[in-house]
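For reference, coords.pdb is printed below; it contains PDB, C-alpha atoms, pLDDT in the B column.
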ATOM      1  CA  MET A   1       0.000   0.000   0.000  1.00 46.00           C
ATOM      2  CA  LYS A   2       2.837   2.377   0.879  1.00 42.00           C
ATOM      3  CA  LYS A   3       4.491   1.687  -2.509  1.00 44.00           C
ATOM      4  CA  LEU A   4       1.166   2.347  -4.339  1.00 37.00           C
ATOM      5  CA  THR A   5       0.722   5.641  -2.458  1.00 36.00           C
ATOM      6  CA  SER A   6       4.251   6.686  -3.429  1.00 39.00           C
ATOM      7  CA  ILE A   7       3.584   5.870  -7.071  1.00 37.00           C
ATOM      8  CA  VAL A   8       0.301   7.811  -7.084  1.00 33.00           C
ATOM      9  CA  LEU A   9       1.888  10.809  -5.343  1.00 34.00           C
ATOM     10  CA  GLY A  10       4.835  10.740  -7.721  1.00 38.00           C
ATOM     11  CA  THR A  11       2.506  10.661 -10.707  1.00 35.00           C
ATOM     12  CA  LEU A  12       0.460  13.572  -9.330  1.00 34.00           C
ATOM     13  CA  ILE A  13       3.573  15.647  -8.691  1.00 33.00           C
ATOM     14  CA  ALA A  14       4.959  14.905 -12.155  1.00 36.00           C
ATOM     15  CA  THR A  15       1.624  15.726 -13.797  1.00 35.00           C
ATOM     16  CA  THR A  16       1.184  18.920 -11.803  1.00 35.00           C
ATOM     17  CA  GLY A  17       4.672  20.056 -12.807  1.00 35.00           C
ATOM     18  CA  ALA A  18       3.885  19.524 -16.479  1.00 33.00           C
ATOM     19  CA  LEU A  19       0.590  21.353 -16.178  1.00 33.00           C
ATOM     20  CA  ALA A  20       2.215  24.296 -14.457  1.00 33.00           C
ATOM     21  CA  LEU A  21       4.041  24.993 -17.711  1.00 33.00           C
ATOM     22  CA  ALA A  22       0.891  24.908 -19.816  1.00 41.00           C
ATOM     23  CA  HIS A  23       0.047  28.590 -19.468  1.00 43.00           C
ATOM     24  CA  GLY A  24       3.478  30.048 -18.978  1.00 42.00           C
ATOM     25  CA  ASP A  25       5.099  32.172 -21.642  1.00 40.00           C
ATOM     26  CA  GLU A  26       5.221  29.263 -24.064  1.00 40.00           C
ATOM     27  CA  THR A  27       3.082  29.501 -27.170  1.00 41.00           C
ATOM     28  CA  HIS A  28       0.795  26.517 -27.669  1.00 41.00           C
ATOM     29  CA  VAL A  29       1.215  24.945 -31.073  1.00 43.00           C
ATOM     30  CA  LYS A  30      -1.894  23.434 -32.610  1.00 48.00           C
ATOM     31  CA  LYS A  31      -1.392  19.751 -33.307  1.00 50.00           C
ATOM     32  CA  ALA A  32      -1.058  18.749 -36.926  1.00 51.00           C
ATOM     33  CA  GLY A  33      -3.830  16.714 -38.431  1.00 53.00           C
ATOM     34  CA  PRO A  34      -7.569  17.050 -38.746  1.00 64.00           C
ATOM     35  CA  VAL A  35      -9.366  19.523 -36.499  1.00 66.00           C
ATOM     36  CA  LYS A  36     -11.801  18.018 -34.013  1.00 77.00           C
ATOM     37  CA  LYS A  37     -15.247  19.021 -35.336  1.00 89.00           C
ATOM     38  CA  GLU A  38     -17.725  19.034 -32.496  1.00 93.00           C
ATOM     39  CA  GLN A  39     -20.946  21.017 -32.706  1.00 95.00           C
ATOM     40  CA  LYS A  40     -21.119  23.625 -29.949  1.00 96.00           C
ATOM     41  CA  ALA A  41     -23.891  26.085 -29.086  1.00 95.00           C
ATOM     42  CA  TRP A  42     -21.781  28.806 -30.757  1.00 95.00           C
ATOM     43  CA  GLY A  43     -20.868  26.861 -33.920  1.00 97.00           C
ATOM     44  CA  ILE A  44     -18.367  24.331 -35.196  1.00 97.00           C
ATOM     45  CA  ALA A  45     -14.693  24.290 -36.235  1.00 97.00           C
ATOM     46  CA  GLY A  46     -14.312  25.649 -39.754  1.00 97.00           C
ATOM     47  CA  ASP A  47     -12.174  24.692 -42.740  1.00 95.00           C
ATOM     48  CA  ALA A  48      -9.643  27.097 -44.255  1.00 95.00           C
ATOM     49  CA  LYS A  49     -11.167  26.602 -47.715  1.00 96.00           C
ATOM     50  CA  SER A  50     -14.566  27.785 -46.381  1.00 96.00           C
ATOM     51  CA  VAL A  51     -13.341  31.089 -44.897  1.00 97.00           C
ATOM     52  CA  ILE A  52     -15.591  33.960 -45.982  1.00 95.00           C
ATOM     53  CA  ARG A  53     -13.655  36.739 -44.231  1.00 96.00           C
ATOM     54  CA  THR A  54     -10.728  37.352 -41.946  1.00 98.00           C
ATOM     55  CA  VAL A  55     -10.942  39.480 -38.798  1.00 98.00           C
ATOM     56  CA  THR A  56      -7.835  40.586 -36.909  1.00 98.00           C
ATOM     57  CA  PHE A  57      -7.978  40.960 -33.128  1.00 97.00           C
ATOM     58  CA  THR A  58      -5.343  42.469 -30.863  1.00 98.00           C
ATOM     59  CA  MET A  59      -4.995  41.462 -27.216  1.00 98.00           C
ATOM     60  CA  THR A  60      -3.167  43.787 -24.846  1.00 96.00           C
ATOM     61  CA  ASP A  61      -1.906  43.823 -21.285  1.00 97.00           C
ATOM     62  CA  ASN A  62      -4.608  46.353 -20.370  1.00 97.00           C
ATOM     63  CA  MET A  63      -6.830  43.224 -20.511  1.00 98.00           C
ATOM     64  CA  ARG A  64      -8.810  44.186 -23.589  1.00 97.00           C
ATOM     65  CA  PHE A  65      -9.563  42.850 -27.064  1.00 98.00           C
ATOM     66  CA  ASN A  66      -9.678  45.169 -30.038  1.00 97.00           C
ATOM     67  CA  PRO A  67     -12.286  44.904 -31.433  1.00 98.00           C
ATOM     68  CA  ASP A  68     -14.477  43.858 -28.531  1.00 98.00           C
ATOM     69  CA  LYS A  69     -17.591  43.328 -30.703  1.00 98.00           C
ATOM     70  CA  LEU A  70     -18.177  41.444 -33.925  1.00 98.00           C
ATOM     71  CA  GLU A  71     -21.269  40.818 -36.042  1.00 97.00           C
ATOM     72  CA  VAL A  72     -21.437  37.849 -38.398  1.00 97.00           C
ATOM     73  CA  LYS A  73     -24.112  36.128 -40.460  1.00 97.00           C
ATOM     74  CA  GLN A  74     -25.270  32.622 -39.638  1.00 97.00           C
ATOM     75  CA  GLY A  75     -23.273  30.186 -41.757  1.00 96.00           C
ATOM     76  CA  GLU A  76     -20.192  32.415 -42.083  1.00 97.00           C
ATOM     77  CA  THR A  77     -16.793  30.847 -41.576  1.00 98.00           C
ATOM     78  CA  ILE A  78     -14.453  33.409 -40.054  1.00 98.00           C
ATOM     79  CA  LYS A  79     -10.678  33.269 -39.790  1.00 98.00           C
ATOM     80  CA  PHE A  80      -9.630  35.060 -36.629  1.00 98.00           C
ATOM     81  CA  ILE A  81      -6.075  36.376 -36.639  1.00 98.00           C
ATOM     82  CA  ILE A  82      -5.235  36.987 -32.997  1.00 98.00           C
ATOM     83  CA  LYS A  83      -2.249  39.208 -32.214  1.00 98.00           C
ATOM     84  CA  ASN A  84      -0.786  39.492 -28.737  1.00 98.00           C
ATOM     85  CA  GLY A  85       0.419  43.073 -28.448  1.00 97.00           C
ATOM     86  CA  GLY A  86       1.355  42.578 -24.796  1.00 97.00           C
ATOM     87  CA  LYS A  87       4.226  41.229 -22.745  1.00 97.00           C
ATOM     88  CA  VAL A  88       2.330  38.311 -21.134  1.00 96.00           C
ATOM     89  CA  MET A  89       0.522  35.241 -22.491  1.00 95.00           C
ATOM     90  CA  HIS A  90      -3.075  35.819 -23.597  1.00 96.00           C
ATOM     91  CA  GLU A  91      -5.667  33.600 -25.195  1.00 96.00           C
ATOM     92  CA  MET A  92      -8.908  33.915 -27.086  1.00 97.00           C
ATOM     93  CA  VAL A  93     -11.645  31.407 -26.310  1.00 97.00           C
ATOM     94  CA  ILE A  94     -15.061  31.542 -28.001  1.00 98.00           C
ATOM     95  CA  GLY A  95     -18.135  30.225 -26.162  1.00 97.00           C
ATOM     96  CA  THR A  96     -21.321  30.953 -24.299  1.00 97.00           C
ATOM     97  CA  LYS A  97     -21.160  33.152 -21.208  1.00 96.00           C
ATOM     98  CA  THR A  98     -21.992  30.104 -19.058  1.00 96.00           C
ATOM     99  CA  ASP A  99     -19.236  27.972 -20.616  1.00 95.00           C
ATOM    100  CA  LEU A 100     -16.671  30.766 -20.281  1.00 96.00           C
ATOM    101  CA  ASP A 101     -17.686  31.444 -16.657  1.00 96.00           C
ATOM    102  CA  GLU A 102     -17.224  27.750 -15.804  1.00 94.00           C
ATOM    103  CA  HIS A 103     -13.899  27.511 -17.637  1.00 92.00           C
ATOM    104  CA  ALA A 104     -12.640  30.751 -16.033  1.00 92.00           C
ATOM    105  CA  ALA A 105     -13.475  29.375 -12.573  1.00 92.00           C
ATOM    106  CA  LEU A 106     -11.464  26.235 -13.354  1.00 89.00           C
ATOM    107  CA  MET A 107      -8.549  28.354 -14.569  1.00 88.00           C
ATOM    108  CA  MET A 108      -8.567  30.260 -11.265  1.00 88.00           C
ATOM    109  CA  LYS A 109      -8.393  26.941  -9.348  1.00 88.00           C
ATOM    110  CA  PHE A 110      -5.903  25.313 -11.730  1.00 85.00           C
ATOM    111  CA  PRO A 111      -3.972  28.115 -13.483  1.00 79.00           C
ATOM    112  CA  GLY A 112      -1.685  25.613 -15.183  1.00 76.00           C
ATOM    113  CA  MET A 113      -4.565  23.691 -16.748  1.00 74.00           C
ATOM    114  CA  GLU A 114      -3.703  22.578 -20.272  1.00 70.00           C
ATOM    115  CA  HIS A 115      -6.365  22.683 -22.931  1.00 73.00           C
ATOM    116  CA  GLU A 116      -6.581  22.884 -26.686  1.00 83.00           C
ATOM    117  CA  GLU A 117      -9.767  23.121 -28.684  1.00 92.00           C
ATOM    118  CA  PRO A 118     -10.490  24.526 -32.159  1.00 95.00           C
ATOM    119  CA  TYR A 119     -12.376  27.479 -30.617  1.00 96.00           C
ATOM    120  CA  MET A 120      -9.359  28.748 -28.682  1.00 95.00           C
ATOM    121  CA  ALA A 121      -5.917  30.156 -29.381  1.00 96.00           C
ATOM    122  CA  HIS A 122      -3.105  30.671 -26.860  1.00 94.00           C
ATOM    123  CA  VAL A 123      -0.804  33.427 -28.030  1.00 96.00           C
ATOM    124  CA  GLY A 124       2.559  34.311 -26.522  1.00 96.00           C
ATOM    125  CA  PRO A 125       3.825  37.885 -26.185  1.00 97.00           C
ATOM    126  CA  GLY A 126       4.418  39.466 -29.598  1.00 97.00           C
ATOM    127  CA  LYS A 127       3.069  36.362 -31.377  1.00 98.00           C
ATOM    128  CA  THR A 128       0.044  35.699 -33.575  1.00 98.00           C
ATOM    129  CA  GLY A 129      -2.461  32.839 -33.471  1.00 97.00           C
ATOM    130  CA  GLU A 130      -5.575  31.911 -35.396  1.00 97.00           C
ATOM    131  CA  ILE A 131      -8.979  30.298 -35.086  1.00 97.00           C
ATOM    132  CA  ILE A 132     -11.165  29.234 -38.011  1.00 97.00           C
ATOM    133  CA  TRP A 133     -14.759  28.975 -36.872  1.00 98.00           C
ATOM    134  CA  THR A 134     -18.141  28.487 -38.551  1.00 98.00           C
ATOM    135  CA  PHE A 135     -20.983  30.292 -36.818  1.00 97.00           C
ATOM    136  CA  ASN A 136     -23.853  28.007 -37.842  1.00 97.00           C
ATOM    137  CA  LYS A 137     -26.233  28.996 -35.039  1.00 95.00           C
ATOM    138  CA  PRO A 138     -27.753  32.433 -34.462  1.00 97.00           C
ATOM    139  CA  GLY A 139     -27.351  34.196 -31.119  1.00 97.00           C
ATOM    140  CA  THR A 140     -25.017  36.273 -29.023  1.00 97.00           C
ATOM    141  CA  PHE A 141     -21.842  34.558 -27.918  1.00 98.00           C
ATOM    142  CA  ASP A 142     -18.714  35.633 -26.089  1.00 98.00           C
ATOM    143  CA  TYR A 143     -14.973  35.453 -26.441  1.00 98.00           C
ATOM    144  CA  ALA A 144     -12.539  35.941 -23.610  1.00 98.00           C
ATOM    145  CA  CYS A 145      -9.057  35.454 -22.282  1.00 96.00           C
ATOM    146  CA  LEU A 146      -9.446  32.813 -19.573  1.00 94.00           C
ATOM    147  CA  ILE A 147      -5.940  32.999 -18.156  1.00 93.00           C
ATOM    148  CA  ALA A 148      -6.371  33.413 -14.401  1.00 91.00           C
ATOM    149  CA  GLY A 149      -7.271  37.016 -13.605  1.00 92.00           C
ATOM    150  CA  HIS A 150      -7.621  38.222 -17.214  1.00 95.00           C
ATOM    151  CA  TYR A 151     -11.313  37.319 -17.586  1.00 95.00           C
ATOM    152  CA  GLN A 152     -12.039  38.803 -14.170  1.00 94.00           C
ATOM    153  CA  ALA A 153     -10.303  42.040 -15.289  1.00 96.00           C
ATOM    154  CA  GLY A 154     -12.750  42.368 -18.193  1.00 97.00           C
ATOM    155  CA  MET A 155     -10.864  40.754 -21.081  1.00 98.00           C
ATOM    156  CA  VAL A 156     -14.032  39.821 -22.968  1.00 98.00           C
ATOM    157  CA  GLY A 157     -15.915  40.536 -26.185  1.00 98.00           C
ATOM    158  CA  LYS A 158     -19.194  39.684 -27.960  1.00 98.00           C
ATOM    159  CA  VAL A 159     -20.036  37.979 -31.249  1.00 98.00           C
ATOM    160  CA  THR A 160     -23.559  38.497 -32.567  1.00 98.00           C
ATOM    161  CA  VAL A 161     -24.607  35.912 -35.138  1.00 98.00           C
ATOM    162  CA  MET A 162     -27.491  37.181 -37.262  1.00 97.00           C
ATOM    163  CA  ALA A 163     -29.977  34.484 -38.329  1.00 96.00           C
ATOM    164  CA  SER A 164     -29.957  33.662 -42.034  1.00 87.00           C
ATOM    165  CA  LYS A 165     -33.179  34.496 -43.846  1.00 76.00           C
TER     166      LYS A 165
END
Once more with this new file: its structure as structure tokens, please.
Amino acid sequence: MKKLTSIVLGTLIATTGALALAHGDETHVKKAGPVKKEQKAWGIAGDAKSVIRTVTFTMTDNMRFNPDKLEVKQGETIKFIIKNGGKVMHEMVIGTKTDLDEHAALMMKFPGMEHEEPYMAHVGPGKTGEIIWTFNKPGTFDYACLIAGHYQAGMVGKVTVMASK
């Protein structure tokens, strides 16, 4: 039993150490291969060949996105170019307010939490990332930086998806 406890504790310590690096100043690199396409309330991962327009966002250390509002038409596939104009890591995560609130709370508890989904981009200081997303459902959705403290400081924006006629 003592040996099993030591193994479990060792594994937890090793895992926690690896996770602590997940949101440091390292830029996350999207894995090569097909994008995981999972329907979400706010849309689905898009394909580069389906991009209708490109929108550039800048994230800054004053905890803001520029622009902080975007209007799209239902069915549009948007390529987001996300520039980090600051000196610390930032990220852009698209979702519903409820999903972002829950994720932000987890990030406060586990600031080193590692995650990678097609609706998020982690961007190191002075770097650029991208998201390609198809907004196939109408509504008002949010985007935010969920790094611990950034969301709470107001690093958020809104996407309004207008219903197709």
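Among A:Gly129, A:Pro118, A:Gly86, A:Gly95, the residue with the shortest atom-to-atom distance to Thr160 (chain A), counting all atoms listed in the file, is A:Gly95.
Atom pair CA of Lys137 (chain A) / CA of Ala41 (chain A): separated by 7.0 Å.
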Margin query: One number please: CA of Val161 (chain A) to CA of Glu71 (chain A), in Å, one decimal.
Written below: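 Computing it gives 6.0 Å between the two atoms.
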Next item on the list: Please write the residues picked by the PyMOL selection byres ((chain A and resi 138) around 9) on this file as an MDAnalysis selection string.
Entry: chainID A and resid 42:43 73:75 135:137 139:140 160:164
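Here the question is which of A:Thr77, A:Gln152, A:Thr96, A:Asn84 gets nearest to Met108 (chain A) using only C-alpha atoms, and that residue is A:Gln152.
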Check: Do you know which residues the PyMOL selection byres ((chain A and resi 57) around 8) returns on this file, as a ChimeraX atom specification?
Finding: /A:55-56,58-59,65-67,80-83
Check: Can you tell me how far CA of Val156 (chain A) sits from CA of Ile94 (chain A), in Å to one decimal?
Finding: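 CA of Ile94 (chain A) lies 9.7 Å from CA of Val156 (chain A).
The neighbours of Leu106 (chain A) here are the residues that come within 12 Å of it, using all atoms listed in the file and leaving out any residue fewer than 4 positions away in the same chain; they are Asp99, Leu100, Asp101, Glu102, Phe110, Pro111, Gly112, Met113, Glu114, His115, Leu146, Ile147, Ala148, Gly149 and Tyr151 of chain A.
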Where atoms are lacking, region 45-80 of chain A completed to N, CA and C atoms, as a JSON list (two decimals), in the frame of the given file:
[["chain", "number", "residue", "atom", "x", "y", "z"],
["A", 45, "ALA", "N", -15.99, 23.99, -35.62],
["A", 45, "ALA", "CA", -14.69, 24.29, -36.24],
["A", 45, "ALA", "C", -14.86, 24.42, -37.75],
["A", 46, "GLY", "N", -14.21, 25.41, -38.32],
["A", 46, "GLY", "CA", -14.31, 25.65, -39.75],
["A", 46, "GLY", "C", -13.11, 25.13, -40.52],
["A", 47, "ASP", "N", -13.25, 25.10, -41.84],
["A", 47, "ASP", "CA", -12.17, 24.69, -42.74],
["A", 47, "ASP", "C", -11.60, 25.93, -43.42],
["A", 48, "ALA", "N", -10.30, 25.95, -43.62],
["A", 48, "ALA", "CA", -9.64, 27.10, -44.26],
["A", 48, "ALA", "C", -10.25, 27.41, -45.62],
["A", 49, "LYS", "N", -10.63, 26.39, -46.37],
["A", 49, "LYS", "CA", -11.17, 26.60, -47.72],
["A", 49, "LYS", "C", -12.57, 27.23, -47.68],
["A", 50, "SER", "N", -13.22, 27.23, -46.52],
["A", 50, "SER", "CA", -14.57, 27.78, -46.38],
["A", 50, "SER", "C", -14.58, 29.20, -45.80],
["A", 51, "VAL", "N", -13.41, 29.76, -45.52],
["A", 51, "VAL", "CA", -13.34, 31.09, -44.90],
["A", 51, "VAL", "C", -13.97, 32.13, -45.82],
["A", 52, "ILE", "N", -14.91, 32.90, -45.25],
["A", 52, "ILE", "CA", -15.59, 33.96, -45.98],
["A", 52, "ILE", "C", -14.89, 35.30, -45.76],
["A", 53, "ARG", "N", -14.40, 35.51, -44.53],
["A", 53, "ARG", "CA", -13.66, 36.74, -44.23],
["A", 53, "ARG", "C", -12.69, 36.50, -43.08],
["A", 54, "THR", "N", -11.75, 37.40, -42.99],
["A", 54, "THR", "CA", -10.73, 37.35, -41.95],
["A", 54, "THR", "C", -10.88, 38.59, -41.07],
["A", 55, "VAL", "N", -10.85, 38.38, -39.75],
["A", 55, "VAL", "CA", -10.94, 39.48, -38.80],
["A", 55, "VAL", "C", -9.72, 39.40, -37.90],
["A", 56, "THR", "N", -9.03, 40.53, -37.75],
["A", 56, "THR", "CA", -7.84, 40.59, -36.91],
["A", 56, "THR", "C", -8.19, 41.19, -35.55],
["A", 57, "PHE", "N", -7.78, 40.50, -34.50],
["A", 57, "PHE", "CA", -7.98, 40.96, -33.13],
["A", 57, "PHE", "C", -6.61, 41.22, -32.51],
["A", 58, "THR", "N", -6.55, 42.22, -31.64],
["A", 58, "THR", "CA", -5.34, 42.47, -30.86],
["A", 58, "THR", "C", -5.69, 42.33, -29.39],
["A", 59, "MET", "N", -4.85, 41.62, -28.67],
["A", 59, "MET", "CA", -5.00, 41.46, -27.22],
["A", 59, "MET", "C", -3.86, 42.25, -26.57],
["A", 60, "THR", "N", -4.19, 42.97, -25.49],
["A", 60, "THR", "CA", -3.17, 43.79, -24.85],
["A", 60, "THR", "C", -3.13, 43.53, -23.34],
["A", 61, "ASP", "N", -2.08, 44.01, -22.72],
["A", 61, "ASP", "CA", -1.91, 43.82, -21.28],
["A", 61, "ASP", "C", -2.82, 44.73, -20.46],
["A", 62, "ASN", "N", -3.60, 45.61, -21.12],
["A", 62, "ASN", "CA", -4.61, 46.35, -20.37],
["A", 62, "ASN", "C", -5.89, 45.53, -20.28],
["A", 63, "MET", "N", -5.77, 44.23, -20.63],
["A", 63, "MET", "CA", -6.83, 43.22, -20.51],
["A", 63, "MET", "C", -8.04, 43.57, -21.38],
["A", 64, "ARG", "N", -7.75, 43.87, -22.64],
["A", 64, "ARG", "CA", -8.81, 44.19, -23.59],
["A", 64, "ARG", "C", -8.54, 43.53, -24.94],
["A", 65, "PHE", "N", -9.62, 43.28, -25.67],
["A", 65, "PHE", "CA", -9.56, 42.85, -27.06],
["A", 65, "PHE", "C", -9.93, 44.06, -27.92],
["A", 66, "ASN", "N", -9.30, 44.15, -29.07],
["A", 66, "ASN", "CA", -9.68, 45.17, -30.04],
["A", 66, "ASN", "C", -9.81, 44.47, -31.38],
["A", 67, "PRO", "N", -11.02, 44.37, -31.93],
["A", 67, "PRO", "CA", -12.29, 44.90, -31.43],
["A", 67, "PRO", "C", -12.87, 44.03, -30.32],
["A", 68, "ASP", "N", -13.82, 44.62, -29.59],
["A", 68, "ASP", "CA", -14.48, 43.86, -28.53],
["A", 68, "ASP", "C", -15.91, 43.47, -28.91],
["A", 69, "LYS", "N", -16.27, 43.73, -30.19],
["A", 69, "LYS", "CA", -17.59, 43.33, -30.70],
["A", 69, "LYS", "C", -17.43, 42.90, -32.15],
["A", 70, "LEU", "N", -18.22, 41.92, -32.55],
["A", 70, "LEU", "CA", -18.18, 41.44, -33.92],
["A", 70, "LEU", "C", -19.57, 40.97, -34.31],
["A", 71, "GLU", "N", -19.98, 41.29, -35.52],
["A", 71, "GLU", "CA", -21.27, 40.82, -36.04],
["A", 71, "GLU", "C", -20.99, 39.95, -37.26],
["A", 72, "VAL", "N", -21.59, 38.77, -37.28],
["A", 72, "VAL", "CA", -21.44, 37.85, -38.40],
["A", 72, "VAL", "C", -22.81, 37.32, -38.80],
["A", 73, "LYS", "N", -22.88, 36.75, -39.99],
["A", 73, "LYS", "CA", -24.11, 36.13, -40.46],
["A", 73, "LYS", "C", -24.05, 34.63, -40.18],
["A", 74, "GLN", "N", -25.19, 34.06, -39.86],
["A", 74, "GLN", "CA", -25.27, 32.62, -39.64],
["A", 74, "GLN", "C", -24.75, 31.91, -40.88],
["A", 75, "GLY", "N", -23.87, 30.95, -40.66],
["A", 75, "GLY", "CA", -23.27, 30.19, -41.76],
["A", 75, "GLY", "C", -21.90, 30.69, -42.17],
["A", 76, "GLU", "N", -21.51, 31.88, -41.71],
["A", 76, "GLU", "CA", -20.19, 32.42, -42.08],
["A", 76, "GLU", "C", -19.08, 31.64, -41.39],
["A", 77, "THR", "N", -18.02, 31.40, -42.15],
["A", 77, "THR", "CA", -16.79, 30.85, -41.58],
["A", 77, "THR", "C", -15.80, 31.99, -41.52],
["A", 78, "ILE", "N", -15.34, 32.28, -40.32],
["A", 78, "ILE", "CA", -14.45, 33.41, -40.05],
["A", 78, "ILE", "C", -13.07, 32.89, -39.66],
["A", 79, "LYS", "N", -12.05, 33.53, -40.23],
["A", 79, "LYS", "CA", -10.68, 33.27, -39.79],
["A", 79, "LYS", "C", -10.30, 34.41, -38.86],
["A", 80, "PHE", "N", -10.06, 34.08, -37.62],
["A", 80, "PHE", "CA", -9.63, 35.06, -36.63],
["A", 80, "PHE", "C", -8.11, 35.06, -36.60]]
